[in-house]
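The data block below is work.txt; it holds compact mmCIF, N, CA, C and O atoms.
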```
# COMPACT_ATOMS: atom_id res chain seq x y z
N MET U 330 0.81 -1.21 0.00
CA MET U 330 0.00 0.00 0.00
C MET U 330 0.85 1.27 0.00
O MET U 330 0.53 2.22 -0.67
N THR U 331 1.92 1.25 0.75
CA THR U 331 2.76 2.45 0.84
C THR U 331 3.30 2.86 -0.53
O THR U 331 3.33 4.03 -0.85
N VAL U 332 3.69 1.88 -1.31
CA VAL U 332 4.23 2.17 -2.64
C VAL U 332 3.19 2.87 -3.51
O VAL U 332 3.49 3.84 -4.19
N ILE U 333 1.97 2.38 -3.47
CA ILE U 333 0.90 2.98 -4.28
C ILE U 333 0.63 4.41 -3.82
O ILE U 333 0.55 5.32 -4.63
N LYS U 334 0.50 4.61 -2.52
CA LYS U 334 0.27 5.96 -2.00
C LYS U 334 1.42 6.89 -2.36
O LYS U 334 1.21 8.02 -2.75
N ASP U 335 2.65 6.38 -2.23
CA ASP U 335 3.82 7.20 -2.54
C ASP U 335 3.83 7.57 -4.02
O ASP U 335 4.12 8.71 -4.36
N SER U 336 3.47 6.62 -4.90
CA SER U 336 3.44 6.90 -6.33
C SER U 336 2.38 7.95 -6.65
O SER U 336 2.60 8.84 -7.46
N LYS U 337 1.23 7.83 -6.01
CA LYS U 337 0.14 8.79 -6.22
C LYS U 337 0.58 10.18 -5.77
O LYS U 337 0.34 11.17 -6.45
N TYR U 338 1.26 10.23 -4.64
CA TYR U 338 1.76 11.50 -4.11
C TYR U 338 2.85 12.08 -5.02
O TYR U 338 2.83 13.26 -5.34
N LYS U 339 3.77 11.21 -5.46
CA LYS U 339 4.83 11.69 -6.35
C LYS U 339 4.25 12.22 -7.65
O LYS U 339 4.71 13.23 -8.18
N LYS U 340 3.23 11.53 -8.17
CA LYS U 340 2.59 11.97 -9.40
C LYS U 340 1.95 13.35 -9.20
O LYS U 340 2.08 14.23 -10.04
N ALA U 341 1.29 13.52 -8.06
CA ALA U 341 0.67 14.81 -7.75
C ALA U 341 1.73 15.91 -7.63
O ALA U 341 1.54 17.02 -8.12
N LEU U 342 2.85 15.59 -6.99
CA LEU U 342 3.95 16.55 -6.87
C LEU U 342 4.48 16.92 -8.25
O LEU U 342 4.73 18.10 -8.54
N LEU U 343 4.65 15.92 -9.09
CA LEU U 343 5.20 16.13 -10.43
C LEU U 343 4.28 17.00 -11.28
O LEU U 343 4.73 17.93 -11.95
N VAL U 344 2.99 16.71 -11.23
CA VAL U 344 2.01 17.50 -11.98
C VAL U 344 2.05 18.96 -11.51
O VAL U 344 2.08 19.89 -12.31
N GLU U 345 2.09 19.15 -10.20
CA GLU U 345 2.15 20.50 -9.63
C GLU U 345 3.42 21.21 -10.07
O GLU U 345 3.40 22.38 -10.46
N LEU U 346 4.55 20.49 -10.03
CA LEU U 346 5.83 21.08 -10.40
C LEU U 346 5.82 21.52 -11.86
O LEU U 346 6.27 22.62 -12.20
N ILE U 347 5.27 20.67 -12.74
CA ILE U 347 5.19 21.02 -14.16
C ILE U 347 4.34 22.27 -14.36
O ILE U 347 4.72 23.19 -15.08
N GLU U 348 3.19 22.31 -13.68
CA GLU U 348 2.31 23.47 -13.80
C GLU U 348 2.98 24.75 -13.33
O GLU U 348 2.88 25.79 -13.96
N VAL U 349 3.68 24.66 -12.20
CA VAL U 349 4.38 25.84 -11.66
C VAL U 349 5.49 26.28 -12.61
O VAL U 349 5.63 27.46 -12.91
N TYR U 350 6.29 25.31 -13.10
CA TYR U 350 7.39 25.64 -14.00
C TYR U 350 6.88 26.29 -15.29
O TYR U 350 7.44 27.27 -15.76
N ILE U 351 5.80 25.73 -15.84
CA ILE U 351 5.26 26.29 -17.08
C ILE U 351 4.72 27.70 -16.84
O ILE U 351 4.97 28.62 -17.62
N SER U 352 4.02 27.89 -15.72
CA SER U 352 3.44 29.21 -15.43
C SER U 352 4.51 30.27 -15.21
O SER U 352 4.30 31.44 -15.48
N LYS U 353 5.69 29.84 -14.73
CA LYS U 353 6.77 30.79 -14.47
C LYS U 353 7.77 30.86 -15.63
O LYS U 353 8.76 31.58 -15.55
N GLY U 354 7.52 30.07 -16.67
CA GLY U 354 8.41 30.09 -17.83
C GLY U 354 9.72 29.36 -17.64
O GLY U 354 10.67 29.57 -18.38
N HIS U 355 9.80 28.49 -16.62
CA HIS U 355 11.02 27.72 -16.39
C HIS U 355 11.12 26.58 -17.40
O HIS U 355 10.11 26.11 -17.92
N SER U 356 12.34 26.13 -17.62
CA SER U 356 12.55 24.99 -18.51
C SER U 356 12.14 23.70 -17.81
O SER U 356 12.38 23.53 -16.62
N ILE U 357 11.51 22.80 -18.54
CA ILE U 357 11.14 21.51 -17.96
C ILE U 357 11.89 20.38 -18.65
O ILE U 357 11.47 19.23 -18.61
N HIS U 358 13.04 20.69 -19.25
CA HIS U 358 13.81 19.65 -19.96
C HIS U 358 14.23 18.52 -19.02
O HIS U 358 14.42 17.39 -19.45
N MET U 359 14.37 18.80 -17.73
CA MET U 359 14.79 17.78 -16.77
C MET U 359 13.73 16.69 -16.60
O MET U 359 14.00 15.63 -16.08
N LEU U 360 12.50 16.95 -17.06
CA LEU U 360 11.41 16.01 -16.90
C LEU U 360 11.27 15.05 -18.07
O LEU U 360 10.62 14.03 -17.97
N VAL U 361 11.89 15.36 -19.18
CA VAL U 361 11.69 14.59 -20.41
C VAL U 361 12.37 13.23 -20.34
O VAL U 361 13.50 13.11 -19.91
N GLY U 362 11.62 12.21 -20.75
CA GLY U 362 12.20 10.87 -20.84
C GLY U 362 12.41 10.17 -19.52
O GLY U 362 13.14 9.20 -19.44
N LYS U 363 11.79 10.67 -18.46
CA LYS U 363 11.97 10.05 -17.15
C LYS U 363 10.71 9.31 -16.75
O LYS U 363 9.61 9.69 -17.09
N ASP U 364 10.91 8.25 -16.01
CA ASP U 364 9.82 7.48 -15.45
C ASP U 364 9.51 8.06 -14.06
O ASP U 364 10.39 8.66 -13.44
N LEU U 365 8.31 7.83 -13.57
CA LEU U 365 7.94 8.35 -12.25
C LEU U 365 8.90 7.86 -11.18
O LEU U 365 9.24 8.59 -10.25
N HIS U 366 9.39 6.62 -11.34
CA HIS U 366 10.30 6.04 -10.35
C HIS U 366 11.67 6.71 -10.36
O HIS U 366 12.44 6.57 -9.40
N ASP U 367 12.01 7.42 -11.42
CA ASP U 367 13.30 8.11 -11.51
C ASP U 367 13.35 9.35 -10.63
O ASP U 367 14.42 9.89 -10.38
N PHE U 368 12.19 9.80 -10.18
CA PHE U 368 12.14 11.01 -9.37
C PHE U 368 12.19 10.69 -7.89
O PHE U 368 11.59 9.72 -7.43
N ASP U 369 12.90 11.50 -7.16
CA ASP U 369 12.97 11.36 -5.72
C ASP U 369 11.90 12.27 -5.11
O ASP U 369 11.84 13.45 -5.42
N ARG U 370 11.09 11.70 -4.24
CA ARG U 370 9.99 12.46 -3.62
C ARG U 370 10.50 13.70 -2.88
O ARG U 370 9.95 14.78 -3.01
N ASN U 371 11.59 13.53 -2.14
CA ASN U 371 12.15 14.65 -1.38
C ASN U 371 12.66 15.76 -2.29
O ASN U 371 12.52 16.94 -1.99
N GLU U 372 13.23 15.36 -3.42
CA GLU U 372 13.73 16.34 -4.39
C GLU U 372 12.56 17.13 -4.99
O GLU U 372 12.64 18.35 -5.15
N LEU U 373 11.47 16.42 -5.32
CA LEU U 373 10.30 17.10 -5.87
C LEU U 373 9.71 18.08 -4.85
O LEU U 373 9.37 19.21 -5.20
N GLU U 374 9.60 17.62 -3.58
CA GLU U 374 9.09 18.49 -2.52
C GLU U 374 9.95 19.73 -2.39
O GLU U 374 9.46 20.85 -2.27
N SER U 375 11.25 19.53 -2.40
CA SER U 375 12.20 20.64 -2.25
C SER U 375 12.07 21.65 -3.39
O SER U 375 12.07 22.86 -3.17
N LYS U 376 11.96 21.15 -4.63
CA LYS U 376 11.82 22.06 -5.79
C LYS U 376 10.53 22.86 -5.69
O LYS U 376 10.50 24.05 -6.02
N LEU U 377 9.45 22.21 -5.25
CA LEU U 377 8.17 22.91 -5.11
C LEU U 377 8.24 23.97 -4.01
O LEU U 377 7.73 25.07 -4.16
N ARG U 378 8.88 23.62 -2.89
CA ARG U 378 9.01 24.60 -1.80
C ARG U 378 9.82 25.81 -2.27
O ARG U 378 9.51 26.93 -1.91
N THR U 379 10.83 25.56 -3.09
CA THR U 379 11.64 26.64 -3.65
C THR U 379 10.77 27.59 -4.47
O THR U 379 10.99 28.80 -4.48
N GLU U 380 9.75 27.02 -5.14
CA GLU U 380 8.84 27.83 -5.96
C GLU U 380 7.69 28.41 -5.12
O GLU U 380 6.79 29.04 -5.66
N GLY U 381 7.69 28.15 -3.83
CA GLY U 381 6.68 28.73 -2.95
C GLY U 381 5.40 27.93 -2.84
O GLY U 381 4.36 28.45 -2.46
N VAL U 382 5.45 26.62 -3.17
CA VAL U 382 4.26 25.77 -3.10
C VAL U 382 4.25 25.01 -1.78
O VAL U 382 5.27 24.46 -1.37
N ASN U 383 3.09 24.97 -1.12
CA ASN U 383 2.94 24.23 0.13
C ASN U 383 2.66 22.77 -0.20
O ASN U 383 1.58 22.43 -0.64
N THR U 384 3.65 21.90 0.04
CA THR U 384 3.51 20.49 -0.32
C THR U 384 2.59 19.73 0.65
O THR U 384 2.13 18.65 0.33
N ASP U 385 2.31 20.29 1.81
CA ASP U 385 1.39 19.64 2.76
C ASP U 385 -0.01 19.53 2.17
O ASP U 385 -0.72 18.56 2.42
N ILE U 386 -0.42 20.53 1.41
CA ILE U 386 -1.74 20.51 0.77
C ILE U 386 -1.81 19.36 -0.23
O ILE U 386 -2.80 18.63 -0.28
N ILE U 387 -0.75 19.19 -1.02
CA ILE U 387 -0.71 18.11 -2.01
C ILE U 387 -0.73 16.76 -1.30
O ILE U 387 -1.43 15.84 -1.71
N LYS U 388 0.01 16.66 -0.20
CA LYS U 388 0.08 15.41 0.55
C LYS U 388 -1.30 15.04 1.08
O LYS U 388 -1.72 13.89 0.99
N SER U 389 -2.03 16.00 1.61
CA SER U 389 -3.35 15.70 2.18
C SER U 389 -4.35 15.32 1.09
O SER U 389 -5.22 14.48 1.32
N LYS U 390 -4.21 15.88 -0.10
CA LYS U 390 -5.10 15.52 -1.22
C LYS U 390 -4.80 14.13 -1.75
O LYS U 390 -5.67 13.47 -2.31
N SER U 391 -3.56 13.67 -1.61
CA SER U 391 -3.13 12.40 -2.19
C SER U 391 -3.43 11.21 -1.30
O SER U 391 -3.17 10.08 -1.68
N LYS U 392 -3.91 11.43 -0.11
CA LYS U 392 -4.17 10.32 0.82
C LYS U 392 -5.48 9.65 0.52
O LYS U 392 -6.36 10.17 -0.05
```

Let's see the structure in the file written out as structure tokens.
Amino acid sequence: MTVIKDSKYKKALLVELIEVYISKGHSIHMLVGKDLHDFDRNELESKLRTEGVNTDIIKSKSK
């Protein structure tokens, strides 16, 4: 179960990160050709926090 929840959460983080990057005009080349498993959850959280996104909201929606 943990793996499924974690994947759902990572997917939500990734979608949010892409939306934020696109809205701010950042490059998303780092996302191309990667599988969901290639991403580290902590790294995604960190990048979102850098952009000013509250990851706790995403976590609560993904449960």

### Message
DSSP on the backbone, helix (DSSP H, G or I) only: what residues of chain U does that give? Format it as a PyMOL selection string.
### Response
chain U and resi 331-353+358-360+365-367+370-379+384-390

Once 3 Å is added on each side, what are the centre and the three edge lengths, in Å to one decimal, of the axis-aligned box enclosing the listed atoms of region 333-346 of chain U? Present them as JSON.
```
{"center_x": 3.2, "center_y": 12.5, "center_z": -7.2, "size_x": 12.1, "size_y": 26.2, "size_z": 16.3}
```

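Every protein or nucleic acid residue with an atom no more than 6 Å from Arg370 (chain U), counting only C-alpha atoms and leaving out same-chain residues fewer than 2 positions away, appears here: U:Lys339, U:Glu372, U:Leu373.
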
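Straight-line separation from CA of Ile357 (chain U) to CA of Asp335 (chain U): 22.3 Å.
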
### Query
So what do you get for CA of His366 (chain U) versus atom O of Leu342 (chain U), distance-wise?
13.4 Å

### Task
Give me, please, the distance in Å between CA of Leu377 (chain U) and CA of Asp364 (chain U), quoted to one decimal.
18.6 Å

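The closest residue to Lys340 (chain U), picked from U:Lys353, U:Lys388, U:Lys376, U:His358 and counting only C-alpha atoms, is U:Lys388.
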
### Message
Which residue is closest to Thr384 (chain U)? Choose from U:Val361, U:Asp367, U:Tyr338, U:His355 and count all atoms listed in the file.
### Response
U:Tyr338

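Using all atoms listed in the file, the nearest neighbour of Leu365 (chain U) within the list U:Ile386, U:Tyr350, U:Ser336, U:Lys392 is U:Ser336.
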